[in-house]
file run_8.pdb (PDB, C-alpha atoms)
ATOM      1  CA  MET A   9      -1.221 -29.106  -4.074
ATOM      2  CA  GLU A  10      -3.403 -30.421  -6.883
ATOM      3  CA  PRO A  11      -5.696 -27.865  -8.526
ATOM      4  CA  GLY A  12      -8.663 -30.083  -7.821
ATOM      5  CA  ASN A  13      -8.156 -29.690  -4.076
ATOM      6  CA  ASN A  14      -8.579 -25.910  -4.246
ATOM      7  CA  THR A  15     -11.743 -23.880  -4.519
ATOM      8  CA  GLN A  16     -12.288 -20.204  -5.201
ATOM      9  CA  ILE A  17     -13.015 -19.006  -1.689
ATOM     10  CA  SER A  18     -15.399 -16.148  -0.996
ATOM     11  CA  GLU A  19     -14.112 -15.045   2.417
ATOM     12  CA  PHE A  20     -11.214 -15.061   4.876
ATOM     13  CA  LEU A  21     -11.228 -15.291   8.659
ATOM     14  CA  LEU A  22      -9.346 -12.634  10.654
ATOM     15  CA  MET A  23      -8.326 -14.348  13.867
ATOM     16  CA  SER A  24      -6.532 -11.735  16.000
ATOM     17  CA  PHE A  25      -8.492  -9.857  18.705
ATOM     18  CA  SER A  26     -11.480 -12.126  18.075
ATOM     19  CA  GLU A  27     -11.104 -14.354  21.115
ATOM     20  CA  GLY A  28     -11.966 -13.604  24.688
ATOM     21  CA  SER A  29     -15.549 -12.351  24.812
ATOM     22  CA  LYS A  30     -14.952 -10.520  28.097
ATOM     23  CA  LEU A  31     -12.369  -8.269  26.420
ATOM     24  CA  GLN A  32     -14.565  -7.365  23.454
ATOM     25  CA  PRO A  33     -16.201  -4.261  25.012
ATOM     26  CA  PHE A  34     -12.824  -2.997  26.248
ATOM     27  CA  LEU A  35     -11.146  -3.537  22.865
ATOM     28  CA  PHE A  36     -14.039  -1.904  21.037
ATOM     29  CA  GLY A  37     -13.950   1.175  23.272
ATOM     30  CA  LEU A  38     -10.138   1.398  23.121
ATOM     31  CA  PHE A  39      -9.824   1.209  19.336
ATOM     32  CA  LEU A  40     -12.858   3.413  18.745
ATOM     33  CA  SER A  41     -11.369   6.108  21.006
ATOM     34  CA  MET A  42      -7.998   5.888  19.272
ATOM     35  CA  TYR A  43      -9.642   6.059  15.857
ATOM     36  CA  LEU A  44     -11.725   9.123  16.738
ATOM     37  CA  ILE A  45      -8.676  10.869  18.231
ATOM     38  CA  THR A  46      -6.749  10.116  15.033
ATOM     39  CA  LEU A  47      -9.516  11.564  12.861
ATOM     40  CA  LEU A  48      -9.944  14.680  14.993
ATOM     41  CA  GLY A  49      -6.237  15.389  15.428
ATOM     42  CA  ASN A  50      -5.322  15.007  11.765
ATOM     43  CA  LEU A  51      -8.380  16.933  10.582
ATOM     44  CA  LEU A  52      -7.386  19.822  12.863
ATOM     45  CA  ILE A  53      -3.883  19.813  11.365
ATOM     46  CA  ILE A  54      -5.322  19.941   7.832
ATOM     47  CA  LEU A  55      -7.778  22.680   8.794
ATOM     48  CA  ALA A  56      -5.027  24.720  10.449
ATOM     49  CA  VAL A  57      -2.771  24.522   7.397
ATOM     50  CA  ILE A  58      -5.584  25.452   5.010
ATOM     51  CA  SER A  59      -6.967  28.333   7.079
ATOM     52  CA  ASP A  60      -3.720  30.135   7.968
ATOM     53  CA  SER A  61      -1.791  31.753   5.103
ATOM     54  CA  HIS A  62       1.354  31.795   7.255
ATOM     55  CA  LEU A  63       1.347  27.996   7.098
ATOM     56  CA  HIS A  64       1.309  27.886   3.306
ATOM     57  CA  THR A  65       4.923  26.703   3.179
ATOM     58  CA  PRO A  66       6.474  23.442   1.871
ATOM     59  CA  MET A  67       6.849  21.936   5.360
ATOM     60  CA  TYR A  68       3.188  22.408   6.242
ATOM     61  CA  PHE A  69       2.078  21.412   2.732
ATOM     62  CA  PHE A  70       3.733  18.033   3.262
ATOM     63  CA  LEU A  71       2.363  17.874   6.816
ATOM     64  CA  ALA A  72      -1.217  18.375   5.591
ATOM     65  CA  ASN A  73      -0.741  15.619   3.022
ATOM     66  CA  LEU A  74       0.717  13.331   5.704
ATOM     67  CA  SER A  75      -2.293  13.971   7.948
ATOM     68  CA  PHE A  76      -4.672  13.121   5.100
ATOM     69  CA  VAL A  77      -2.788   9.899   4.353
ATOM     70  CA  ASP A  78      -2.775   8.976   8.063
ATOM     71  CA  ILE A  79      -6.560   9.357   8.194
ATOM     72  CA  CYS A  80      -6.965   7.078   5.180
ATOM     73  CA  PHE A  81      -4.304   4.652   6.458
ATOM     74  CA  THR A  82      -6.096   4.146   9.778
ATOM     75  CA  SER A  83      -9.511   4.019   8.099
ATOM     76  CA  THR A  84      -8.323   1.103   5.980
ATOM     77  CA  THR A  85      -8.067  -1.280   8.937
ATOM     78  CA  VAL A  86      -9.741   0.044  12.087
ATOM     79  CA  PRO A  87     -13.410   0.381  10.979
ATOM     80  CA  LYS A  88     -13.525  -3.229   9.766
ATOM     81  CA  MET A  89     -11.871  -4.368  12.990
ATOM     82  CA  LEU A  90     -14.457  -2.447  15.039
ATOM     83  CA  VAL A  91     -17.308  -4.022  13.077
ATOM     84  CA  ASN A  92     -15.880  -7.504  13.611
ATOM     85  CA  ILE A  93     -15.429  -6.895  17.343
ATOM     86  CA  GLN A  94     -18.938  -5.486  17.732
ATOM     87  CA  MET A  95     -20.562  -8.233  15.655
ATOM     88  CA  GLN A  96     -18.292 -10.900  17.192
ATOM     89  CA  SER A  97     -17.404 -11.935  13.673
ATOM     90  CA  ARG A  98     -14.108 -12.884  12.045
ATOM     91  CA  VAL A  99     -15.236 -12.767   8.428
ATOM     92  CA  ILE A 100     -13.951 -10.519   5.660
ATOM     93  CA  THR A 101     -14.971 -11.165   2.066
ATOM     94  CA  TYR A 102     -12.392 -12.067  -0.572
ATOM     95  CA  GLU A 103     -13.069  -8.802  -2.419
ATOM     96  CA  GLY A 104     -12.938  -6.837   0.838
ATOM     97  CA  CYS A 105      -9.619  -8.454   1.763
ATOM     98  CA  ILE A 106      -8.015  -7.617  -1.592
ATOM     99  CA  THR A 107      -9.351  -4.049  -1.409
ATOM    100  CA  GLN A 108      -8.107  -3.569   2.148
ATOM    101  CA  MET A 109      -4.711  -4.981   1.216
ATOM    102  CA  TYR A 110      -4.481  -2.697  -1.841
ATOM    103  CA  PHE A 111      -5.132   0.502   0.098
ATOM    104  CA  PHE A 112      -2.967  -0.564   3.030
ATOM    105  CA  VAL A 113       0.074  -1.129   0.781
ATOM    106  CA  LEU A 114      -0.632   2.093  -1.142
ATOM    107  CA  LEU A 115      -0.982   4.322   1.911
ATOM    108  CA  GLY A 116       1.921   2.697   3.754
ATOM    109  CA  ALA A 117       4.226   3.502   0.834
ATOM    110  CA  LEU A 118       2.831   7.042   0.684
ATOM    111  CA  ASP A 119       3.711   7.546   4.339
ATOM    112  CA  ASN A 120       7.296   6.572   3.544
ATOM    113  CA  PHE A 121       7.562   8.950   0.598
ATOM    114  CA  LEU A 122       5.992  11.906   2.409
ATOM    115  CA  LEU A 123       8.295  11.491   5.392
ATOM    116  CA  THR A 124      11.220  11.420   2.952
ATOM    117  CA  ALA A 125       9.999  14.593   1.228
ATOM    118  CA  MET A 126       9.721  16.306   4.609
ATOM    119  CA  ALA A 127      13.270  15.221   5.479
ATOM    120  CA  TYR A 128      14.504  16.692   2.190
ATOM    121  CA  ASP A 129      12.656  19.915   2.985
ATOM    122  CA  ARG A 130      14.445  20.174   6.361
ATOM    123  CA  PHE A 131      17.764  19.363   4.664
ATOM    124  CA  VAL A 132      17.351  22.241   2.208
ATOM    125  CA  ALA A 133      16.095  24.632   4.914
ATOM    126  CA  ILE A 134      19.099  24.054   7.201
ATOM    127  CA  CYS A 135      21.906  23.218   4.778
ATOM    128  CA  HIS A 136      20.945  25.638   1.982
ATOM    129  CA  PRO A 137      18.857  28.372   3.663
ATOM    130  CA  LEU A 138      19.659  31.085   1.096
ATOM    131  CA  HIS A 139      18.348  28.941  -1.767
ATOM    132  CA  TYR A 140      15.405  27.436   0.132
ATOM    133  CA  THR A 141      12.607  29.402  -1.553
ATOM    134  CA  VAL A 142      14.120  28.768  -4.980
ATOM    135  CA  ILE A 143      14.654  25.028  -4.510
ATOM    136  CA  MET A 144      11.467  24.221  -2.558
ATOM    137  CA  ASN A 145       9.118  26.032  -4.901
ATOM    138  CA  PRO A 146       5.416  25.080  -5.053
ATOM    139  CA  ARG A 147       5.870  23.255  -8.341
ATOM    140  CA  LEU A 148       8.542  20.952  -6.909
ATOM    141  CA  CYS A 149       6.459  20.235  -3.790
ATOM    142  CA  GLU A 150       3.423  19.320  -5.869
ATOM    143  CA  LEU A 151       5.602  17.182  -8.159
ATOM    144  CA  LEU A 152       7.054  15.278  -5.186
ATOM    145  CA  VAL A 153       3.570  14.490  -3.867
ATOM    146  CA  LEU A 154       2.302  13.529  -7.338
ATOM    147  CA  VAL A 155       5.223  11.189  -8.000
ATOM    148  CA  SER A 156       4.741   9.644  -4.549
ATOM    149  CA  TRP A 157       1.101   8.901  -5.369
ATOM    150  CA  ILE A 158       1.927   7.450  -8.788
ATOM    151  CA  ILE A 159       4.676   5.120  -7.516
ATOM    152  CA  SER A 160       2.539   3.993  -4.553
ATOM    153  CA  ILE A 161      -0.494   3.293  -6.749
ATOM    154  CA  LEU A 162       1.514   1.317  -9.308
ATOM    155  CA  ASN A 163       3.272  -0.732  -6.628
ATOM    156  CA  SER A 164       0.054  -1.487  -4.760
ATOM    157  CA  LEU A 165      -1.738  -2.369  -7.996
ATOM    158  CA  LEU A 166       1.045  -4.778  -8.984
ATOM    159  CA  GLU A 167       1.091  -6.458  -5.560
ATOM    160  CA  SER A 168      -2.707  -6.839  -5.470
ATOM    161  CA  LEU A 169      -3.025  -8.156  -9.032
ATOM    162  CA  MET A 170      -0.369 -10.757  -8.280
ATOM    163  CA  VAL A 171      -2.375 -11.953  -5.277
ATOM    164  CA  LEU A 172      -5.395 -12.443  -7.555
ATOM    165  CA  ARG A 173      -3.502 -15.133  -9.463
ATOM    166  CA  LEU A 174      -3.080 -17.217  -6.299
ATOM    167  CA  SER A 175      -5.457 -19.969  -5.274
ATOM    168  CA  PHE A 176      -6.458 -20.507  -1.649
ATOM    169  CA  CYS A 177      -7.689 -23.480   0.313
ATOM    170  CA  THR A 178     -11.033 -23.350   2.058
ATOM    171  CA  ASP A 179     -11.402 -21.736   5.494
ATOM    172  CA  VAL A 180      -8.286 -19.562   5.281
ATOM    173  CA  GLU A 181      -7.531 -18.176   8.753
ATOM    174  CA  ILE A 182      -5.327 -15.064   8.744
ATOM    175  CA  PRO A 183      -3.666 -14.563  12.171
ATOM    176  CA  HIS A 184      -4.015 -10.792  12.014
ATOM    177  CA  PHE A 185      -6.642  -8.077  12.480
ATOM    178  CA  PHE A 186      -6.451  -7.020   8.813
ATOM    179  CA  CYS A 187      -5.444  -8.495   5.461
ATOM    180  CA  GLU A 188      -1.703  -7.940   5.619
ATOM    181  CA  LEU A 189       0.016  -8.741   2.299
ATOM    182  CA  ASN A 190       2.607 -11.157   3.653
ATOM    183  CA  GLN A 191       0.058 -13.077   5.723
ATOM    184  CA  VAL A 192      -2.295 -13.482   2.766
ATOM    185  CA  ILE A 193       0.506 -14.735   0.492
ATOM    186  CA  GLN A 194       1.706 -17.215   3.131
ATOM    187  CA  HIS A 195      -1.732 -18.843   3.245
ATOM    188  CA  ALA A 196      -1.991 -19.437  -0.503
ATOM    189  CA  CYS A 197      -2.048 -23.033  -1.732
ATOM    190  CA  SER A 198      -0.338 -22.266  -5.045
ATOM    191  CA  ASP A 199       3.282 -21.369  -5.678
ATOM    192  CA  THR A 200       4.158 -17.942  -4.218
ATOM    193  CA  PHE A 201       7.791 -17.590  -5.336
ATOM    194  CA  ILE A 202       7.081 -14.703  -7.721
ATOM    195  CA  ASN A 203       4.870 -12.955  -5.175
ATOM    196  CA  ASP A 204       7.525 -13.270  -2.466
ATOM    197  CA  THR A 205      10.222 -11.975  -4.809
ATOM    198  CA  VAL A 206       8.214  -8.928  -5.849
ATOM    199  CA  MET A 207       7.096  -8.236  -2.272
ATOM    200  CA  TYR A 208      10.618  -8.304  -0.813
ATOM    201  CA  PHE A 209      12.064  -6.364  -3.732
ATOM    202  CA  ALA A 210       9.402  -3.669  -3.278
ATOM    203  CA  ALA A 211      10.027  -3.606   0.491
ATOM    204  CA  VAL A 212      13.749  -3.026  -0.037
ATOM    205  CA  LEU A 213      13.252  -0.474  -2.803
ATOM    206  CA  LEU A 214      10.258   1.475  -1.439
ATOM    207  CA  GLY A 215      11.095   1.020   2.240
ATOM    208  CA  GLY A 216      14.864   0.971   2.341
ATOM    209  CA  GLY A 217      15.212   3.693  -0.300
ATOM    210  CA  PRO A 218      13.208   6.358   1.577
ATOM    211  CA  LEU A 219      14.814   5.377   4.893
ATOM    212  CA  THR A 220      18.269   5.788   3.348
ATOM    213  CA  GLY A 221      17.248   9.199   2.005
ATOM    214  CA  ILE A 222      15.991  10.270   5.427
ATOM    215  CA  LEU A 223      19.161   9.115   7.175
ATOM    216  CA  PHE A 224      21.350  10.855   4.591
ATOM    217  CA  SER A 225      19.364  14.096   4.929
ATOM    218  CA  TYR A 226      19.664  14.143   8.704
ATOM    219  CA  CYS A 227      23.359  13.285   8.611
ATOM    220  CA  LYS A 228      23.848  16.427   6.523
ATOM    221  CA  VAL A 229      21.513  18.388   8.824
ATOM    222  CA  PHE A 230      23.415  17.391  11.974
ATOM    223  CA  SER A 231      26.721  18.194  10.281
ATOM    224  CA  SER A 232      25.433  21.675   9.458
ATOM    225  CA  ILE A 233      24.056  22.217  12.966
ATOM    226  CA  ARG A 234      27.350  21.149  14.523
ATOM    227  CA  VAL A 235      29.308  23.936  12.818
ATOM    228  CA  ILE A 236      26.939  26.647  14.082
ATOM    229  CA  SER A 237      28.857  28.679  16.657
ATOM    230  CA  SER A 238      26.101  29.834  19.029
ATOM    231  CA  VAL A 239      24.136  27.489  21.257
ATOM    232  CA  GLN A 240      20.962  29.451  20.565
ATOM    233  CA  GLY A 241      21.486  29.010  16.825
ATOM    234  CA  LYS A 242      21.970  25.265  17.232
ATOM    235  CA  CYS A 243      18.789  24.945  19.300
ATOM    236  CA  LYS A 244      16.779  26.988  16.808
ATOM    237  CA  ALA A 245      18.039  24.930  13.854
ATOM    238  CA  PHE A 246      17.383  21.617  15.619
ATOM    239  CA  SER A 247      13.891  22.671  16.733
ATOM    240  CA  THR A 248      12.822  23.078  13.099
ATOM    241  CA  CYS A 249      13.280  19.343  12.457
ATOM    242  CA  ALA A 250      12.675  17.860  15.927
ATOM    243  CA  SER A 251       8.991  17.103  15.318
ATOM    244  CA  HIS A 252       9.619  15.405  12.001
ATOM    245  CA  LEU A 253      12.505  13.414  13.441
ATOM    246  CA  SER A 254      10.231  12.212  16.258
ATOM    247  CA  VAL A 255       7.566  11.069  13.782
ATOM    248  CA  VAL A 256      10.141   9.315  11.581
ATOM    249  CA  SER A 257      11.648   7.525  14.595
ATOM    250  CA  LEU A 258       8.224   6.401  15.836
ATOM    251  CA  PHE A 259       7.085   5.177  12.413
ATOM    252  CA  PHE A 260      10.193   3.257  11.371
ATOM    253  CA  CYS A 261      11.008   1.916  14.846
ATOM    254  CA  SER A 262       7.508   0.451  15.144
ATOM    255  CA  ILE A 263       7.771  -1.169  11.689
ATOM    256  CA  LEU A 264      11.208  -2.590  12.465
ATOM    257  CA  GLY A 265       9.849  -3.795  15.806
ATOM    258  CA  VAL A 266       7.081  -5.694  14.018
ATOM    259  CA  TYR A 267       9.586  -7.177  11.570
ATOM    260  CA  PHE A 268      11.989  -8.379  14.255
ATOM    261  CA  SER A 269       9.200  -9.649  16.488
ATOM    262  CA  SER A 270       7.750 -11.689  13.619
ATOM    263  CA  ALA A 271      11.216 -13.057  12.815
ATOM    264  CA  ALA A 272      11.984 -13.928  16.448
ATOM    265  CA  THR A 273       8.664 -15.452  17.403
ATOM    266  CA  HIS A 274       5.904 -17.378  15.651
ATOM    267  CA  ASN A 275       3.286 -15.975  18.008
ATOM    268  CA  ALA A 276       0.833 -14.328  15.614
ATOM    269  CA  TYR A 277      -0.979 -12.554  18.441
ATOM    270  CA  SER A 278       2.219 -10.764  19.485
ATOM    271  CA  VAL A 279       2.867  -9.677  15.901
ATOM    272  CA  ALA A 280      -0.690  -8.338  15.586
ATOM    273  CA  VAL A 281      -0.325  -6.361  18.825
ATOM    274  CA  ALA A 282       2.988  -4.931  17.612
ATOM    275  CA  SER A 283       1.370  -3.984  14.298
ATOM    276  CA  VAL A 284      -1.080  -1.776  16.185
ATOM    277  CA  MET A 285       1.858   0.577  16.847
ATOM    278  CA  TYR A 286       2.336   1.711  13.244
ATOM    279  CA  THR A 287      -1.221   1.177  12.000
ATOM    280  CA  VAL A 288      -3.099   2.908  14.835
ATOM    281  CA  VAL A 289      -0.843   4.481  17.460
ATOM    282  CA  THR A 290       1.570   6.337  15.154
ATOM    283  CA  PRO A 291      -1.147   8.097  13.080
ATOM    284  CA  MET A 292      -2.847   9.046  16.351
ATOM    285  CA  LEU A 293       0.308  10.545  17.899
ATOM    286  CA  ASN A 294       1.525  12.453  14.828
ATOM    287  CA  PRO A 295      -0.819  15.461  15.312
ATOM    288  CA  PHE A 296       0.162  15.734  18.990
ATOM    289  CA  ILE A 297       3.872  15.616  18.154
ATOM    290  CA  TYR A 298       3.576  18.380  15.572
ATOM    291  CA  SER A 299       1.152  20.575  17.507
ATOM    292  CA  LEU A 300       2.901  20.355  20.895
ATOM    293  CA  ARG A 301       6.349  21.118  19.460
ATOM    294  CA  ASN A 302       5.301  23.738  16.929
ATOM    295  CA  LYS A 303       4.334  27.272  17.953
ATOM    296  CA  ASP A 304       2.781  28.093  14.566
ATOM    297  CA  ILE A 305       0.454  25.091  14.659
ATOM    298  CA  LYS A 306      -0.473  25.728  18.308
ATOM    299  CA  GLY A 307      -1.193  29.396  17.590
ATOM    300  CA  THR A 308      -3.402  28.593  14.592
ATOM    301  CA  LEU A 309      -5.306  25.880  16.456
ATOM    302  CA  ARG A 310      -5.837  28.243  19.376
ATOM    303  CA  LYS A 311      -7.290  30.862  17.027
ATOM    304  CA  LEU A 312      -9.586  28.288  15.418
ATOM    305  CA  LEU A 313     -10.876  27.069  18.792
ATOM    306  CA  VAL A 314     -11.458  30.624  20.027
ATOM    307  CA  ARG A 315     -13.275  31.499  16.819
ATOM    308  CA  GLU A 316     -15.536  28.458  17.129
ATOM    309  CA  ALA A 317     -16.194  29.228  20.809
TER     310      ALA A 317
END
call {"tool": "encode", "arguments": {"input": "run_8.pdb", "output": "structure tokens"}}
result
Amino acid sequence: MEPGNNTQISEFLLMSFSEGSKLQPFLFGLFLSMYLITLLGNLLIILAVISDSHLHTPMYFFLANLSFVDICFTSTTVPKMLVNIQMQSRVITYEGCITQMYFFVLLGALDNFLLTAMAYDRFVAICHPLHYTVIMNPRLCELLVLVSWIISILNSLLESLMVLRLSFCTDVEIPHFFCELNQVIQHACSDTFINDTVMYFAAVLLGGGPLTGILFSYCKVFSSIRVISSVQGKCKAFSTCASHLSVVSLFFCSILGVYFSSAATHNAYSVAVASVMYTVVTPMLNPFIYSLRNKDIKGTLRKLLVREA
């Protein structure tokens, strides 16, 4: 497209969940409830880990960081969606779209890295129990989180700066409820070959890499559990990683579901609905998965509630 046909736009239009005025009150109440549950559940996890010295271990250190990231991850998309539903508006400013996209990519990558660090923690705890305290020392745990933040920030900064070089036609309609990176790039009027290359390379490296690490860790974990002679020992070893395995399965299965649904169908509404799974539902369910399957977390939360009462 000729440069003269493009203008520097000041806003985008988010199309999903904006139609059907009769459903607006229901959608607003549904997403507001899910958002508040996500905030409350993850804040309770963080408070429990901070307040109980028995939970000052690598596993719960990573869990508290994951809860914090989940709060920020959901807050990147849901509040703006609630405002648009309430105001019956589809508009998001150009600056707001780039900012939302930056934090969404950053926090999504952080989720991947933290889940990988937690898988490594379970691998060391089950496969090398005698060396666990030496290997998973506080310095290593802090270094893993710090490196995760640095890589995520650099990747998100690169992706966002590359979007700034693109030009867009007027009245850009994004068929999603937030500024998803791929959708924004697809609606650019200028050449997006470099953006697509970097985006897919980062997806393979920062998505496939952590997933491979998680799968490798659990292959080793299951191999170690299998050689345990007693049934009680096997159950005890498996219970230590069951919650994390549930969260990993929910997170990656929902992302893969969105990917395959977008590849199989061109229905943008279906893709947006599927995206709700990993952007809203998964962060909401994580605290329940960890608290319901973990006696330490349940005991600490019970003490906190009794103390407040």
call {"tool": "resolve_selection", "arguments": {"input": "run_8.pdb", "expression": "the PyMOL selection byres ((chain A and resi 194) around 12)", "output": "list in words"}}
result
Val171, Leu174, Ser175, Phe176, Cys177, Val180, Glu181, Ile182, Pro183, Cys187, Glu188, Leu189, Asn190, Gln191, Val192, Ile193, His195, Ala196, Cys197, Ser198, Asp199, Thr200, Phe201, Asn203, Asp204 and Met207 of chain A
call {"tool": "residues_near_point", "arguments": {"input": "run_8.pdb", "point": "(12.1, 21.1, -5.3)", "cutoff": "12 Å", "atoms": "all atoms listed in the file", "output": "list in words"}}
result
Pro66, Met67, Ala125, Met126, Tyr128, Asp129, Arg130, Phe131, Val132, Ala133, His139, Tyr140, Thr141, Val142, Ile143, Met144, Asn145, Pro146, Arg147, Leu148, Cys149, Glu150, Leu151, Leu152 and Val153 of chain A
call {"tool": "resolve_selection", "arguments": {"input": "run_8.pdb", "expression": "the PyMOL selection byres ((chain A and resi 121) around 10)", "output": "PDB file with C-alpha atoms, in the coordinates of the input"}}
result
ATOM      1  CA  LEU A  74       0.717  13.331   5.704  1.00  0.00           C
ATOM      2  CA  LEU A 115      -0.982   4.322   1.911  1.00  0.00           C
ATOM      3  CA  GLY A 116       1.921   2.697   3.754  1.00  0.00           C
ATOM      4  CA  ALA A 117       4.226   3.502   0.834  1.00  0.00           C
ATOM      5  CA  LEU A 118       2.831   7.042   0.684  1.00  0.00           C
ATOM      6  CA  ASP A 119       3.711   7.546   4.339  1.00  0.00           C
ATOM      7  CA  ASN A 120       7.296   6.572   3.544  1.00  0.00           C
ATOM      8  CA  LEU A 122       5.992  11.906   2.409  1.00  0.00           C
ATOM      9  CA  LEU A 123       8.295  11.491   5.392  1.00  0.00           C
ATOM     10  CA  THR A 124      11.220  11.420   2.952  1.00  0.00           C
ATOM     11  CA  ALA A 125       9.999  14.593   1.228  1.00  0.00           C
ATOM     12  CA  MET A 126       9.721  16.306   4.609  1.00  0.00           C
ATOM     13  CA  ALA A 127      13.270  15.221   5.479  1.00  0.00           C
ATOM     14  CA  LEU A 152       7.054  15.278  -5.186  1.00  0.00           C
ATOM     15  CA  VAL A 153       3.570  14.490  -3.867  1.00  0.00           C
ATOM     16  CA  VAL A 155       5.223  11.189  -8.000  1.00  0.00           C
ATOM     17  CA  SER A 156       4.741   9.644  -4.549  1.00  0.00           C
ATOM     18  CA  TRP A 157       1.101   8.901  -5.369  1.00  0.00           C
ATOM     19  CA  ILE A 159       4.676   5.120  -7.516  1.00  0.00           C
ATOM     20  CA  SER A 160       2.539   3.993  -4.553  1.00  0.00           C
ATOM     21  CA  LEU A 214      10.258   1.475  -1.439  1.00  0.00           C
ATOM     22  CA  GLY A 215      11.095   1.020   2.240  1.00  0.00           C
ATOM     23  CA  GLY A 217      15.212   3.693  -0.300  1.00  0.00           C
ATOM     24  CA  PRO A 218      13.208   6.358   1.577  1.00  0.00           C
ATOM     25  CA  LEU A 219      14.814   5.377   4.893  1.00  0.00           C
ATOM     26  CA  GLY A 221      17.248   9.199   2.005  1.00  0.00           C
ATOM     27  CA  ILE A 222      15.991  10.270   5.427  1.00  0.00           C
TER      28      ILE A 222
END
call {"tool": "residues_around", "arguments": {"input": "run_8.pdb", "residues": "Ile263 in chain A", "least_positions_apart": "5", "cutoff": "9 Å", "atoms": "all atoms listed in the file", "output": "ChimeraX atom specification"}}
result
/A:258,268,282-283,285-286
call {"tool": "closest_residue", "arguments": {"input": "run_8.pdb", "among": "A:Cys227, A:Lys311, A:Val206, A:Ser299", "to": "Ser168 in chain A", "atoms": "only C-alpha atoms"}}
result
A:Val206
call {"tool": "closest_residue", "arguments": {"input": "run_8.pdb", "among": "A:Thr287, A:Ser254, A:Thr178, A:Ser41", "to": "Ser83 in chain A", "atoms": "all atoms listed in the file"}}
result
A:Thr287
call {"tool": "decode", "arguments": {"input": "run_8.pdb", "residues": "range 117-122 of chain A", "atoms": "all heavy atoms", "output": "mmCIF file, in the first residue's frame"}}
result
data_model
loop_
_atom_site.group_PDB
_atom_site.id
_atom_site.type_symbol
_atom_site.label_atom_id
_atom_site.label_comp_id
_atom_site.auth_asym_id
_atom_site.auth_seq_id
_atom_site.Cartn_x
_atom_site.Cartn_y
_atom_site.Cartn_z
ATOM 1 N N ALA A 117 4.956 -14.494 29.103
ATOM 2 C CA ALA A 117 6.253 -15.168 29.119
ATOM 3 C C ALA A 117 6.686 -15.486 30.551
ATOM 4 O O ALA A 117 7.249 -16.556 30.812
ATOM 5 C CB ALA A 117 7.300 -14.297 28.424
ATOM 6 N N LEU A 118 6.412 -14.576 31.470
ATOM 7 C CA LEU A 118 6.753 -14.807 32.876
ATOM 8 C C LEU A 118 6.026 -16.017 33.436
ATOM 9 O O LEU A 118 6.596 -16.812 34.204
ATOM 10 C CB LEU A 118 6.417 -13.567 33.710
ATOM 11 C CG LEU A 118 7.559 -12.608 34.029
ATOM 12 C CD1 LEU A 118 7.039 -11.413 34.791
ATOM 13 C CD2 LEU A 118 8.659 -13.303 34.807
ATOM 14 N N ASP A 119 4.764 -16.161 33.073
ATOM 15 C CA ASP A 119 4.004 -17.348 33.489
ATOM 16 C C ASP A 119 4.710 -18.627 33.044
ATOM 17 O O ASP A 119 4.843 -19.585 33.819
ATOM 18 C CB ASP A 119 2.590 -17.308 32.903
ATOM 19 C CG ASP A 119 1.549 -16.944 33.951
ATOM 20 O OD1 ASP A 119 1.841 -17.093 35.147
ATOM 21 O OD2 ASP A 119 0.452 -16.505 33.580
ATOM 22 N N ASN A 120 5.153 -18.632 31.786
ATOM 23 C CA ASN A 120 5.861 -19.800 31.259
ATOM 24 C C ASN A 120 7.113 -20.114 32.074
ATOM 25 O O ASN A 120 7.363 -21.258 32.452
ATOM 26 C CB ASN A 120 6.258 -19.569 29.798
ATOM 27 C CG ASN A 120 5.106 -19.779 28.837
ATOM 28 O OD1 ASN A 120 4.101 -20.383 29.177
ATOM 29 N ND2 ASN A 120 5.260 -19.288 27.629
ATOM 30 N N PHE A 121 7.903 -19.090 32.332
ATOM 31 C CA PHE A 121 9.181 -19.292 33.027
ATOM 32 C C PHE A 121 8.970 -19.728 34.477
ATOM 33 O O PHE A 121 9.704 -20.583 34.986
ATOM 34 C CB PHE A 121 10.020 -18.016 32.979
ATOM 35 C CG PHE A 121 10.600 -17.727 31.628
ATOM 36 C CD1 PHE A 121 10.446 -16.483 31.036
ATOM 37 C CD2 PHE A 121 11.302 -18.701 30.937
ATOM 38 C CE1 PHE A 121 10.984 -16.213 29.788
ATOM 39 C CE2 PHE A 121 11.841 -18.444 29.685
ATOM 40 C CZ PHE A 121 11.685 -17.194 29.109
ATOM 41 N N LEU A 122 7.982 -19.150 35.145
ATOM 42 C CA LEU A 122 7.733 -19.526 36.537
ATOM 43 C C LEU A 122 7.222 -20.959 36.646
ATOM 44 O O LEU A 122 7.612 -21.692 37.565
ATOM 45 C CB LEU A 122 6.738 -18.550 37.173
ATOM 46 C CG LEU A 122 7.283 -17.142 37.452
ATOM 47 C CD1 LEU A 122 6.170 -16.227 37.967
ATOM 48 C CD2 LEU A 122 8.427 -17.196 38.468
#
